[in-house]
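Next up, query09.txt (compact mmCIF, N, CA and C atoms):
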# COMPACT_ATOMS: atom_id res chain seq x y z
N MET Y 1089 -7.52 -30.17 -0.88
CA MET Y 1089 -7.44 -28.76 -1.15
C MET Y 1089 -8.86 -28.21 -1.22
N THR Y 1090 -9.17 -27.24 -0.39
CA THR Y 1090 -10.50 -26.67 -0.36
C THR Y 1090 -10.51 -25.34 -1.10
N ALA Y 1091 -11.60 -25.09 -1.76
CA ALA Y 1091 -11.75 -23.81 -2.47
C ALA Y 1091 -12.35 -22.79 -1.52
N ASP Y 1092 -11.75 -21.60 -1.49
CA ASP Y 1092 -12.26 -20.54 -0.64
C ASP Y 1092 -13.32 -19.76 -1.42
N THR Y 1093 -14.52 -19.73 -0.88
CA THR Y 1093 -15.63 -19.09 -1.58
C THR Y 1093 -15.84 -17.66 -1.11
N THR Y 1094 -14.97 -17.15 -0.26
CA THR Y 1094 -15.10 -15.78 0.22
C THR Y 1094 -14.75 -14.82 -0.90
N ARG Y 1095 -15.69 -13.94 -1.21
CA ARG Y 1095 -15.45 -12.96 -2.27
C ARG Y 1095 -14.76 -11.73 -1.69
N ARG Y 1096 -13.77 -11.26 -2.43
CA ARG Y 1096 -13.06 -10.07 -2.00
C ARG Y 1096 -13.91 -8.84 -2.29
N PRO Y 1097 -14.10 -7.98 -1.29
CA PRO Y 1097 -14.87 -6.76 -1.52
C PRO Y 1097 -14.14 -5.84 -2.51
N ARG Y 1098 -14.91 -5.07 -3.25
CA ARG Y 1098 -14.31 -4.14 -4.20
C ARG Y 1098 -13.45 -3.11 -3.50
N SER Y 1099 -13.79 -2.77 -2.26
CA SER Y 1099 -13.00 -1.78 -1.53
C SER Y 1099 -11.59 -2.29 -1.26
N VAL Y 1100 -11.43 -3.60 -1.09
CA VAL Y 1100 -10.10 -4.17 -0.87
C VAL Y 1100 -9.29 -4.10 -2.16
N THR Y 1101 -9.92 -4.42 -3.27
CA THR Y 1101 -9.23 -4.31 -4.56
C THR Y 1101 -8.82 -2.87 -4.84
N LEU Y 1102 -9.72 -1.94 -4.59
CA LEU Y 1102 -9.41 -0.52 -4.77
C LEU Y 1102 -8.30 -0.09 -3.82
N ALA Y 1103 -8.30 -0.61 -2.60
CA ALA Y 1103 -7.26 -0.28 -1.63
C ALA Y 1103 -5.89 -0.71 -2.13
N VAL Y 1104 -5.81 -1.89 -2.70
CA VAL Y 1104 -4.54 -2.39 -3.23
C VAL Y 1104 -4.06 -1.50 -4.37
N VAL Y 1105 -4.95 -1.17 -5.28
CA VAL Y 1105 -4.58 -0.33 -6.42
C VAL Y 1105 -4.12 1.05 -5.95
N LEU Y 1106 -4.87 1.66 -5.05
CA LEU Y 1106 -4.50 2.99 -4.56
C LEU Y 1106 -3.18 2.96 -3.79
N SER Y 1107 -2.97 1.94 -3.00
CA SER Y 1107 -1.72 1.84 -2.25
C SER Y 1107 -0.52 1.71 -3.18
N VAL Y 1108 -0.65 0.88 -4.19
CA VAL Y 1108 0.45 0.70 -5.14
C VAL Y 1108 0.69 1.98 -5.94
N LEU Y 1109 -0.37 2.60 -6.42
CA LEU Y 1109 -0.20 3.85 -7.17
C LEU Y 1109 0.39 4.96 -6.30
N GLY Y 1110 -0.06 5.04 -5.06
CA GLY Y 1110 0.45 6.06 -4.15
C GLY Y 1110 1.93 5.88 -3.82
N THR Y 1111 2.33 4.64 -3.55
CA THR Y 1111 3.75 4.42 -3.24
C THR Y 1111 4.60 4.56 -4.50
N TRP Y 1112 4.07 4.21 -5.66
CA TRP Y 1112 4.82 4.42 -6.91
C TRP Y 1112 5.02 5.91 -7.16
N THR Y 1113 3.98 6.70 -6.94
CA THR Y 1113 4.09 8.15 -7.12
C THR Y 1113 5.08 8.73 -6.13
N ALA Y 1114 5.03 8.26 -4.89
CA ALA Y 1114 5.98 8.73 -3.89
C ALA Y 1114 7.41 8.34 -4.26
N ALA Y 1115 7.59 7.13 -4.73
CA ALA Y 1115 8.93 6.68 -5.12
C ALA Y 1115 9.45 7.49 -6.29
N SER Y 1116 8.56 7.90 -7.18
CA SER Y 1116 9.00 8.67 -8.34
C SER Y 1116 9.51 10.06 -7.96
N THR Y 1117 9.12 10.57 -6.79
CA THR Y 1117 9.64 11.88 -6.38
C THR Y 1117 11.08 11.79 -5.92
N ALA Y 1118 11.52 10.61 -5.49
CA ALA Y 1118 12.87 10.46 -4.97
C ALA Y 1118 13.82 9.84 -5.98
N VAL Y 1119 13.32 9.46 -7.13
CA VAL Y 1119 14.14 8.74 -8.09
C VAL Y 1119 14.48 9.65 -9.27
N GLU Y 1120 15.76 9.86 -9.46
CA GLU Y 1120 16.24 10.55 -10.65
C GLU Y 1120 16.37 9.51 -11.76
N PRO Y 1121 16.27 9.91 -13.02
CA PRO Y 1121 16.36 8.92 -14.09
C PRO Y 1121 17.67 8.14 -14.11
N ASP Y 1122 18.78 8.79 -13.74
CA ASP Y 1122 20.07 8.12 -13.79
C ASP Y 1122 20.44 7.43 -12.49
N GLU Y 1123 20.03 7.97 -11.39
CA GLU Y 1123 20.43 7.42 -10.10
C GLU Y 1123 19.23 7.22 -9.19
N ALA Y 1124 18.88 6.00 -8.96
CA ALA Y 1124 17.75 5.67 -8.11
C ALA Y 1124 18.27 5.19 -6.77
N PRO Y 1125 17.83 5.83 -5.68
CA PRO Y 1125 18.21 5.30 -4.37
C PRO Y 1125 17.69 3.87 -4.20
N ALA Y 1126 18.59 2.98 -3.93
CA ALA Y 1126 18.21 1.56 -3.83
C ALA Y 1126 17.19 1.33 -2.73
N PHE Y 1127 17.29 2.11 -1.65
CA PHE Y 1127 16.34 1.94 -0.55
C PHE Y 1127 14.91 2.25 -0.99
N VAL Y 1128 14.73 3.27 -1.81
CA VAL Y 1128 13.40 3.64 -2.29
C VAL Y 1128 12.82 2.53 -3.17
N LEU Y 1129 13.65 2.00 -4.04
CA LEU Y 1129 13.17 0.92 -4.90
C LEU Y 1129 12.84 -0.34 -4.11
N LEU Y 1130 13.67 -0.64 -3.12
CA LEU Y 1130 13.41 -1.79 -2.25
C LEU Y 1130 12.13 -1.58 -1.44
N LEU Y 1131 11.95 -0.37 -0.96
CA LEU Y 1131 10.75 -0.04 -0.19
C LEU Y 1131 9.50 -0.15 -1.06
N PHE Y 1132 9.60 0.33 -2.30
CA PHE Y 1132 8.46 0.21 -3.21
C PHE Y 1132 8.15 -1.26 -3.50
N ALA Y 1133 9.19 -2.05 -3.75
CA ALA Y 1133 8.98 -3.47 -4.02
C ALA Y 1133 8.31 -4.17 -2.83
N ALA Y 1134 8.73 -3.82 -1.62
CA ALA Y 1134 8.12 -4.40 -0.42
C ALA Y 1134 6.66 -3.95 -0.30
N CYS Y 1135 6.39 -2.67 -0.57
CA CYS Y 1135 5.01 -2.18 -0.53
C CYS Y 1135 4.13 -2.91 -1.54
N LEU Y 1136 4.66 -3.12 -2.72
CA LEU Y 1136 3.92 -3.83 -3.76
C LEU Y 1136 3.62 -5.26 -3.31
N TRP Y 1137 4.63 -5.95 -2.80
CA TRP Y 1137 4.47 -7.33 -2.36
C TRP Y 1137 3.41 -7.44 -1.26
N PHE Y 1138 3.53 -6.59 -0.24
CA PHE Y 1138 2.61 -6.68 0.88
C PHE Y 1138 1.21 -6.17 0.53
N ALA Y 1139 1.10 -5.24 -0.42
CA ALA Y 1139 -0.23 -4.79 -0.85
C ALA Y 1139 -0.98 -5.92 -1.53
N VAL Y 1140 -0.29 -6.66 -2.37
CA VAL Y 1140 -0.92 -7.81 -3.03
C VAL Y 1140 -1.32 -8.85 -2.00
N ARG Y 1141 -0.46 -9.11 -1.04
CA ARG Y 1141 -0.78 -10.08 0.03
C ARG Y 1141 -1.96 -9.59 0.87
N ALA Y 1142 -2.01 -8.28 1.14
CA ALA Y 1142 -3.13 -7.72 1.90
C ALA Y 1142 -4.43 -7.87 1.11
N GLY Y 1143 -4.35 -7.75 -0.20
CA GLY Y 1143 -5.53 -7.94 -1.04
C GLY Y 1143 -6.05 -9.37 -1.01
N ARG Y 1144 -5.19 -10.28 -0.63
CA ARG Y 1144 -5.60 -11.68 -0.52
C ARG Y 1144 -6.11 -12.02 0.88
N GLY Y 1145 -6.21 -11.00 1.75
CA GLY Y 1145 -6.79 -11.21 3.07
C GLY Y 1145 -5.81 -11.56 4.15
N ARG Y 1146 -4.57 -11.21 4.01
CA ARG Y 1146 -3.56 -11.50 5.03
C ARG Y 1146 -3.49 -10.36 6.03
N ARG Y 1147 -3.74 -10.66 7.29
CA ARG Y 1147 -3.77 -9.65 8.35
C ARG Y 1147 -2.40 -8.99 8.55
N VAL Y 1148 -1.35 -9.77 8.62
CA VAL Y 1148 -0.01 -9.21 8.84
C VAL Y 1148 0.41 -8.34 7.67
N ALA Y 1149 0.06 -8.74 6.46
CA ALA Y 1149 0.40 -7.95 5.28
C ALA Y 1149 -0.33 -6.61 5.29
N ARG Y 1150 -1.55 -6.61 5.78
CA ARG Y 1150 -2.32 -5.37 5.86
C ARG Y 1150 -1.64 -4.37 6.80
N THR Y 1151 -1.19 -4.84 7.93
CA THR Y 1151 -0.48 -3.97 8.88
C THR Y 1151 0.86 -3.54 8.30
N THR Y 1152 1.55 -4.45 7.65
CA THR Y 1152 2.87 -4.14 7.09
C THR Y 1152 2.77 -3.12 5.97
N VAL Y 1153 1.77 -3.23 5.11
CA VAL Y 1153 1.64 -2.27 4.02
C VAL Y 1153 1.31 -0.89 4.57
N ALA Y 1154 0.57 -0.80 5.65
CA ALA Y 1154 0.29 0.50 6.27
C ALA Y 1154 1.58 1.12 6.81
N CYS Y 1155 2.39 0.33 7.47
CA CYS Y 1155 3.65 0.84 8.02
C CYS Y 1155 4.64 1.21 6.92
N LEU Y 1156 4.75 0.38 5.89
CA LEU Y 1156 5.68 0.67 4.80
C LEU Y 1156 5.24 1.89 3.99
N THR Y 1157 3.95 2.08 3.83
CA THR Y 1157 3.46 3.26 3.13
C THR Y 1157 3.80 4.52 3.90
N ALA Y 1158 3.61 4.49 5.20
CA ALA Y 1158 3.98 5.65 6.03
C ALA Y 1158 5.48 5.89 5.96
N LEU Y 1159 6.27 4.83 6.03
CA LEU Y 1159 7.72 4.97 5.94
C LEU Y 1159 8.14 5.56 4.60
N MET Y 1160 7.50 5.11 3.53
CA MET Y 1160 7.81 5.63 2.19
C MET Y 1160 7.51 7.12 2.11
N LEU Y 1161 6.35 7.53 2.61
CA LEU Y 1161 5.98 8.94 2.53
C LEU Y 1161 6.91 9.81 3.36
N VAL Y 1162 7.31 9.33 4.52
CA VAL Y 1162 8.25 10.09 5.35
C VAL Y 1162 9.62 10.15 4.71
N PHE Y 1163 10.07 9.05 4.14
CA PHE Y 1163 11.41 9.00 3.56
C PHE Y 1163 11.55 9.88 2.32
N VAL Y 1164 10.52 9.93 1.49
CA VAL Y 1164 10.64 10.69 0.24
C VAL Y 1164 10.29 12.17 0.41
N SER Y 1165 9.77 12.56 1.54
CA SER Y 1165 9.41 13.96 1.75
C SER Y 1165 10.57 14.93 1.51
N PRO Y 1166 11.77 14.69 2.04
CA PRO Y 1166 12.88 15.63 1.76
C PRO Y 1166 13.22 15.71 0.28
N PHE Y 1167 13.16 14.59 -0.43
CA PHE Y 1167 13.42 14.60 -1.86
C PHE Y 1167 12.38 15.44 -2.60
N ALA Y 1168 11.13 15.27 -2.21
CA ALA Y 1168 10.04 15.99 -2.87
C ALA Y 1168 10.12 17.48 -2.59
N LEU Y 1169 10.48 17.84 -1.39
CA LEU Y 1169 10.52 19.26 -1.03
C LEU Y 1169 11.77 19.95 -1.57
N ASP Y 1170 12.74 19.19 -2.07
CA ASP Y 1170 13.91 19.77 -2.74
C ASP Y 1170 13.54 20.32 -4.12
N ASP Y 1171 12.46 19.86 -4.70
CA ASP Y 1171 12.03 20.30 -6.01
C ASP Y 1171 10.75 21.13 -5.84
N PRO Y 1172 10.90 22.45 -5.54
CA PRO Y 1172 9.76 23.26 -5.14
C PRO Y 1172 8.55 23.27 -6.09
N PRO Y 1173 8.71 23.45 -7.39
CA PRO Y 1173 7.48 23.58 -8.17
C PRO Y 1173 6.69 22.28 -8.33
N TYR Y 1174 7.38 21.16 -8.44
CA TYR Y 1174 6.66 19.93 -8.74
C TYR Y 1174 6.72 18.89 -7.64
N GLY Y 1175 7.75 18.92 -6.83
CA GLY Y 1175 7.92 17.90 -5.80
C GLY Y 1175 6.80 17.88 -4.78
N GLY Y 1176 6.42 19.07 -4.31
CA GLY Y 1176 5.35 19.14 -3.32
C GLY Y 1176 4.03 18.66 -3.88
N ALA Y 1177 3.75 19.01 -5.12
CA ALA Y 1177 2.50 18.56 -5.75
C ALA Y 1177 2.51 17.04 -5.95
N THR Y 1178 3.64 16.51 -6.33
CA THR Y 1178 3.75 15.06 -6.52
C THR Y 1178 3.59 14.34 -5.20
N LEU Y 1179 4.21 14.88 -4.15
CA LEU Y 1179 4.07 14.28 -2.82
C LEU Y 1179 2.62 14.34 -2.35
N LEU Y 1180 1.96 15.45 -2.60
CA LEU Y 1180 0.55 15.57 -2.23
C LEU Y 1180 -0.30 14.55 -2.98
N LEU Y 1181 -0.03 14.37 -4.26
CA LEU Y 1181 -0.74 13.36 -5.04
C LEU Y 1181 -0.50 11.96 -4.46
N ALA Y 1182 0.74 11.68 -4.08
CA ALA Y 1182 1.06 10.38 -3.49
C ALA Y 1182 0.28 10.16 -2.20
N VAL Y 1183 0.20 11.20 -1.38
CA VAL Y 1183 -0.56 11.09 -0.13
C VAL Y 1183 -2.04 10.89 -0.41
N LEU Y 1184 -2.56 11.63 -1.40
CA LEU Y 1184 -3.98 11.52 -1.74
C LEU Y 1184 -4.35 10.16 -2.34
N LEU Y 1185 -3.36 9.45 -2.85
CA LEU Y 1185 -3.62 8.11 -3.37
C LEU Y 1185 -3.39 7.04 -2.29
N ALA Y 1186 -2.26 7.12 -1.60
CA ALA Y 1186 -1.86 6.04 -0.69
C ALA Y 1186 -2.67 6.01 0.61
N VAL Y 1187 -2.94 7.16 1.18
CA VAL Y 1187 -3.62 7.18 2.48
C VAL Y 1187 -5.04 6.62 2.38
N PRO Y 1188 -5.85 7.04 1.40
CA PRO Y 1188 -7.17 6.39 1.29
C PRO Y 1188 -7.07 4.89 1.01
N GLY Y 1189 -6.03 4.48 0.30
CA GLY Y 1189 -5.83 3.05 0.06
C GLY Y 1189 -5.62 2.28 1.35
N VAL Y 1190 -4.81 2.84 2.22
CA VAL Y 1190 -4.57 2.19 3.52
C VAL Y 1190 -5.83 2.22 4.38
N VAL Y 1191 -6.54 3.33 4.35
CA VAL Y 1191 -7.78 3.43 5.14
C VAL Y 1191 -8.80 2.40 4.67
N LEU Y 1192 -8.91 2.20 3.36
CA LEU Y 1192 -9.85 1.21 2.84
C LEU Y 1192 -9.54 -0.21 3.30
N LEU Y 1193 -8.28 -0.48 3.61
CA LEU Y 1193 -7.91 -1.81 4.10
C LEU Y 1193 -8.43 -2.09 5.50
N TYR Y 1194 -8.86 -1.03 6.20
CA TYR Y 1194 -9.32 -1.20 7.58
C TYR Y 1194 -10.81 -0.95 7.75
N LEU Y 1195 -11.56 -0.81 6.68
CA LEU Y 1195 -13.01 -0.64 6.77
C LEU Y 1195 -13.66 -1.96 7.20
N PRO Y 1196 -14.90 -1.91 7.70
CA PRO Y 1196 -15.55 -3.14 8.17
C PRO Y 1196 -15.64 -4.24 7.12
N ALA Y 1197 -15.85 -3.89 5.87
CA ALA Y 1197 -15.93 -4.94 4.83
C ALA Y 1197 -14.58 -5.64 4.69
N ALA Y 1198 -13.50 -4.87 4.75
CA ALA Y 1198 -12.17 -5.47 4.66
C ALA Y 1198 -11.88 -6.32 5.90
N ASP Y 1199 -12.30 -5.84 7.07
CA ASP Y 1199 -12.11 -6.64 8.29
C ASP Y 1199 -12.84 -7.97 8.20
N ALA Y 1200 -14.08 -7.93 7.70
CA ALA Y 1200 -14.84 -9.17 7.56
C ALA Y 1200 -14.16 -10.12 6.57
N TYR Y 1201 -13.62 -9.57 5.51
CA TYR Y 1201 -12.93 -10.38 4.51
C TYR Y 1201 -11.68 -11.04 5.11
N VAL Y 1202 -10.90 -10.26 5.84
CA VAL Y 1202 -9.69 -10.80 6.47
C VAL Y 1202 -10.07 -11.85 7.51
N ARG Y 1203 -11.10 -11.58 8.27
CA ARG Y 1203 -11.56 -12.53 9.29
C ARG Y 1203 -12.01 -13.83 8.64
N ALA Y 1204 -12.73 -13.73 7.53
CA ALA Y 1204 -13.21 -14.94 6.84
C ALA Y 1204 -12.04 -15.71 6.24
N ARG Y 1205 -11.07 -15.00 5.70
CA ARG Y 1205 -9.91 -15.67 5.09
C ARG Y 1205 -9.03 -16.35 6.13
N SER Y 1206 -9.00 -15.80 7.34
CA SER Y 1206 -8.16 -16.40 8.36
C SER Y 1206 -8.92 -17.41 9.23
N GLY Y 1207 -10.23 -17.51 9.02
CA GLY Y 1207 -11.01 -18.50 9.75
C GLY Y 1207 -11.39 -18.06 11.16
N GLU Y 1208 -11.29 -16.77 11.47
CA GLU Y 1208 -11.65 -16.28 12.80
C GLU Y 1208 -13.15 -16.10 12.90
N ARG Y 1209 -13.62 -16.13 14.14
CA ARG Y 1209 -15.02 -15.84 14.40
C ARG Y 1209 -15.19 -14.35 14.65
N ALA Y 1210 -16.39 -13.83 14.53
CA ALA Y 1210 -16.64 -12.40 14.66
C ALA Y 1210 -16.36 -11.89 16.07
N GLY Y 1211 -16.51 -12.70 17.09
CA GLY Y 1211 -16.31 -12.26 18.46
C GLY Y 1211 -14.87 -12.22 18.92
N THR Y 1212 -13.93 -12.76 18.14
CA THR Y 1212 -12.55 -12.82 18.60
C THR Y 1212 -11.72 -11.70 18.08
Show me this structure written as structure tokens.
Amino acid sequence: MTADTTRRPRSVTLAVVLSVLGTWTAASTAVEPDEAPAFVLLLFAACLWFAVRAGRGRRVARTTVACLTALMLVFVSPFALDDPPYGGATLLLAVLLAVPGVVLLYLPAADAYVRARSGERAGT
């Protein structure tokens, strides 16, 4: 068993936190206290799982969390826009948290981290 000495960049950690907070905020716009759409909760759980995996340098998880975040934001938009005074603001907050989180996963430092974790060379 070999120890991996690759240090995770702070931007990757921040990306994971922002992605999770953004999808949680988005999920909260579609969830009533008594009745929670099961699909939204399942989607949030999947986003959480893949965000943590992306934080560990998994390339497929990074792509999956980007797709699931976009799917979450599209799916909860009608729920958020049904509640005019607060839903739109909550959806905007979710976008302002989740989108920068996903973008941070694709910065050069994150790419180098993923490449180092997967054992790829810089030219491939």
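Between atom N of Y:Ala1139 and atom N of Y:Ser1206 lies a distance of 16.5 Å.
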I'd like the contact shell of Y:Val1104 - 6.5 Å cut-off, only N, CA and C atoms, skipping same-chain residues fewer than 2 positions apart - returned as a PyMOL selection string. chain Y and resi 1099-1102+1106-1109+1139-1140+1143+1189
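A distance cut-off of 5 Å around (9.9, 1.7, -5.5), counting only N, CA and C atoms, selects these protein and nucleic acid residues: Val1128, Leu1129, Leu1131, Phe1132 and Ala1133 of chain Y.
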For atom CA of Y:Ala1118 and atom N of Y:Val1162, determine how far apart the two atoms are, in Å to one decimal place. 11.1 Å
With a distance cut-off of 8 Å and all atoms listed in the file, select the neighbouring residues of Y:Ser1116, excluding the residue or stretch itself and same-chain residues fewer than 5 positions from it, and output the selection as number ranges by chain. Y: 1110-1111, 1128, 1168, 1178
Saved selection, atoms kept: N, CA and C atoms, as a short mmCIF file (atom, residue, chain, number, x, y, z; two decimals), in the frame of the given file:
data_model
loop_
_atom_site.label_atom_id
_atom_site.label_comp_id
_atom_site.auth_asym_id
_atom_site.auth_seq_id
_atom_site.Cartn_x
_atom_site.Cartn_y
_atom_site.Cartn_z
N GLY Y 1110 -0.06 5.04 -5.06
CA GLY Y 1110 0.45 6.06 -4.15
C GLY Y 1110 1.93 5.88 -3.82
N THR Y 1111 2.33 4.64 -3.55
CA THR Y 1111 3.75 4.42 -3.24
C THR Y 1111 4.60 4.56 -4.50
N VAL Y 1128 14.73 3.27 -1.81
CA VAL Y 1128 13.40 3.64 -2.29
C VAL Y 1128 12.82 2.53 -3.17
N ALA Y 1168 11.13 15.27 -2.21
CA ALA Y 1168 10.04 15.99 -2.87
C ALA Y 1168 10.12 17.48 -2.59
N THR Y 1178 3.64 16.51 -6.33
CA THR Y 1178 3.75 15.06 -6.52
C THR Y 1178 3.59 14.34 -5.20
#
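In terms of minimum interatomic distance to Y:Arg1147, Y:Val1202 ranks closest within Y:Cys1135, Y:Val1202, Y:Leu1193, Y:Leu1185, counting all atoms listed in the file.
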Mind giving me the straight-line distance from atom CA of Y:Trp1137 to atom CA of Y:Pro1166 in Å, one decimal? 24.8 Å
Looking only at alpha helix (DSSP H) from DSSP on the backbone, list the matching residues of chain Y as number ranges by chain. Y: 1098-1118, 1126-1143, 1147-1169, 1175-1192, 1196-1206
Rank Y:Ala1200, Y:Leu1195, Y:Ala1114, Y:Ala1103 by their smallest atom-to-atom distance to Y:Gly1176, using only C-alpha atoms, and report the top residue only. Y:Ala1114
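Compared by their closest atoms to Y:Ala1115, and using all atoms listed in the file, the residues Y:Ala1134, Y:Val1191, Y:Ala1177, Y:Ala1182 rank with Y:Ala1182 nearest.
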Padded axis-aligned box of stretch 1160-1165 of chain Y (3 Å per side), centre and edge lengths, Å, one decimal, as lines of an AutoDock Vina configuration file:
center_x = 8.8
center_y = 10.0
center_z = 2.8
size_x = 11.6
size_y = 15.8
size_z = 11.1
Any chance you could model all heavy atoms for stretch 1130-1138 of chain Y and send them as a tab-separated table (two decimals), keeping the file's coordinate frame?
chain	number	residue	atom	x	y	z
Y	1130	LEU	N	13.67	-0.64	-3.12
Y	1130	LEU	CA	13.41	-1.79	-2.25
Y	1130	LEU	C	12.13	-1.58	-1.44
Y	1130	LEU	O	11.32	-2.50	-1.30
Y	1130	LEU	CB	14.60	-2.03	-1.33
Y	1130	LEU	CG	14.51	-3.21	-0.39
Y	1130	LEU	CD1	14.46	-4.51	-1.18
Y	1130	LEU	CD2	15.69	-3.22	0.55
Y	1131	LEU	N	11.95	-0.37	-0.96
Y	1131	LEU	CA	10.75	-0.04	-0.19
Y	1131	LEU	C	9.50	-0.15	-1.06
Y	1131	LEU	O	8.48	-0.68	-0.63
Y	1131	LEU	CB	10.89	1.36	0.40
Y	1131	LEU	CG	9.96	1.77	1.51
Y	1131	LEU	CD1	10.04	0.79	2.67
Y	1131	LEU	CD2	10.34	3.16	2.00
Y	1132	PHE	N	9.60	0.33	-2.30
Y	1132	PHE	CA	8.46	0.21	-3.21
Y	1132	PHE	C	8.15	-1.26	-3.50
Y	1132	PHE	O	6.98	-1.67	-3.52
Y	1132	PHE	CB	8.69	0.96	-4.52
Y	1132	PHE	CG	7.62	0.68	-5.53
Y	1132	PHE	CD1	6.33	1.15	-5.35
Y	1132	PHE	CD2	7.88	-0.12	-6.63
Y	1132	PHE	CE1	5.33	0.85	-6.25
Y	1132	PHE	CE2	6.88	-0.42	-7.54
Y	1132	PHE	CZ	5.60	0.07	-7.35
Y	1133	ALA	N	9.19	-2.05	-3.75
Y	1133	ALA	CA	8.98	-3.47	-4.02
Y	1133	ALA	C	8.31	-4.17	-2.83
Y	1133	ALA	O	7.40	-5.00	-3.01
Y	1133	ALA	CB	10.30	-4.15	-4.36
Y	1134	ALA	N	8.73	-3.82	-1.62
Y	1134	ALA	CA	8.12	-4.40	-0.42
Y	1134	ALA	C	6.66	-3.95	-0.30
Y	1134	ALA	O	5.79	-4.75	0.05
Y	1134	ALA	CB	8.92	-4.01	0.82
Y	1135	CYS	N	6.39	-2.67	-0.57
Y	1135	CYS	CA	5.01	-2.18	-0.53
Y	1135	CYS	C	4.13	-2.91	-1.54
Y	1135	CYS	O	3.00	-3.28	-1.24
Y	1135	CYS	CB	4.97	-0.68	-0.80
Y	1135	CYS	SG	5.48	0.35	0.57
Y	1136	LEU	N	4.66	-3.12	-2.72
Y	1136	LEU	CA	3.92	-3.83	-3.76
Y	1136	LEU	C	3.62	-5.26	-3.31
Y	1136	LEU	O	2.48	-5.73	-3.41
Y	1136	LEU	CB	4.73	-3.84	-5.06
Y	1136	LEU	CG	4.13	-4.62	-6.22
Y	1136	LEU	CD1	2.83	-3.98	-6.67
Y	1136	LEU	CD2	5.12	-4.67	-7.37
Y	1137	TRP	N	4.63	-5.95	-2.80
Y	1137	TRP	CA	4.47	-7.33	-2.36
Y	1137	TRP	C	3.41	-7.44	-1.26
Y	1137	TRP	O	2.49	-8.26	-1.33
Y	1137	TRP	CB	5.80	-7.88	-1.88
Y	1137	TRP	CG	5.70	-9.22	-1.23
Y	1137	TRP	CD1	5.66	-9.47	0.10
Y	1137	TRP	CD2	5.61	-10.48	-1.88
Y	1137	TRP	NE1	5.55	-10.82	0.32
Y	1137	TRP	CE2	5.51	-11.47	-0.89
Y	1137	TRP	CE3	5.59	-10.87	-3.20
Y	1137	TRP	CZ2	5.41	-12.81	-1.18
Y	1137	TRP	CZ3	5.49	-12.22	-3.48
Y	1137	TRP	CH2	5.40	-13.16	-2.48
Y	1138	PHE	N	3.53	-6.59	-0.24
Y	1138	PHE	CA	2.61	-6.68	0.88
Y	1138	PHE	C	1.21	-6.17	0.53
Y	1138	PHE	O	0.23	-6.63	1.10
Y	1138	PHE	CB	3.17	-5.96	2.11
Y	1138	PHE	CG	4.24	-6.75	2.80
Y	1138	PHE	CD1	5.56	-6.36	2.72
Y	1138	PHE	CD2	3.94	-7.89	3.50
Y	1138	PHE	CE1	6.57	-7.09	3.33
Y	1138	PHE	CE2	4.92	-8.64	4.12
Y	1138	PHE	CZ	6.24	-8.24	4.03
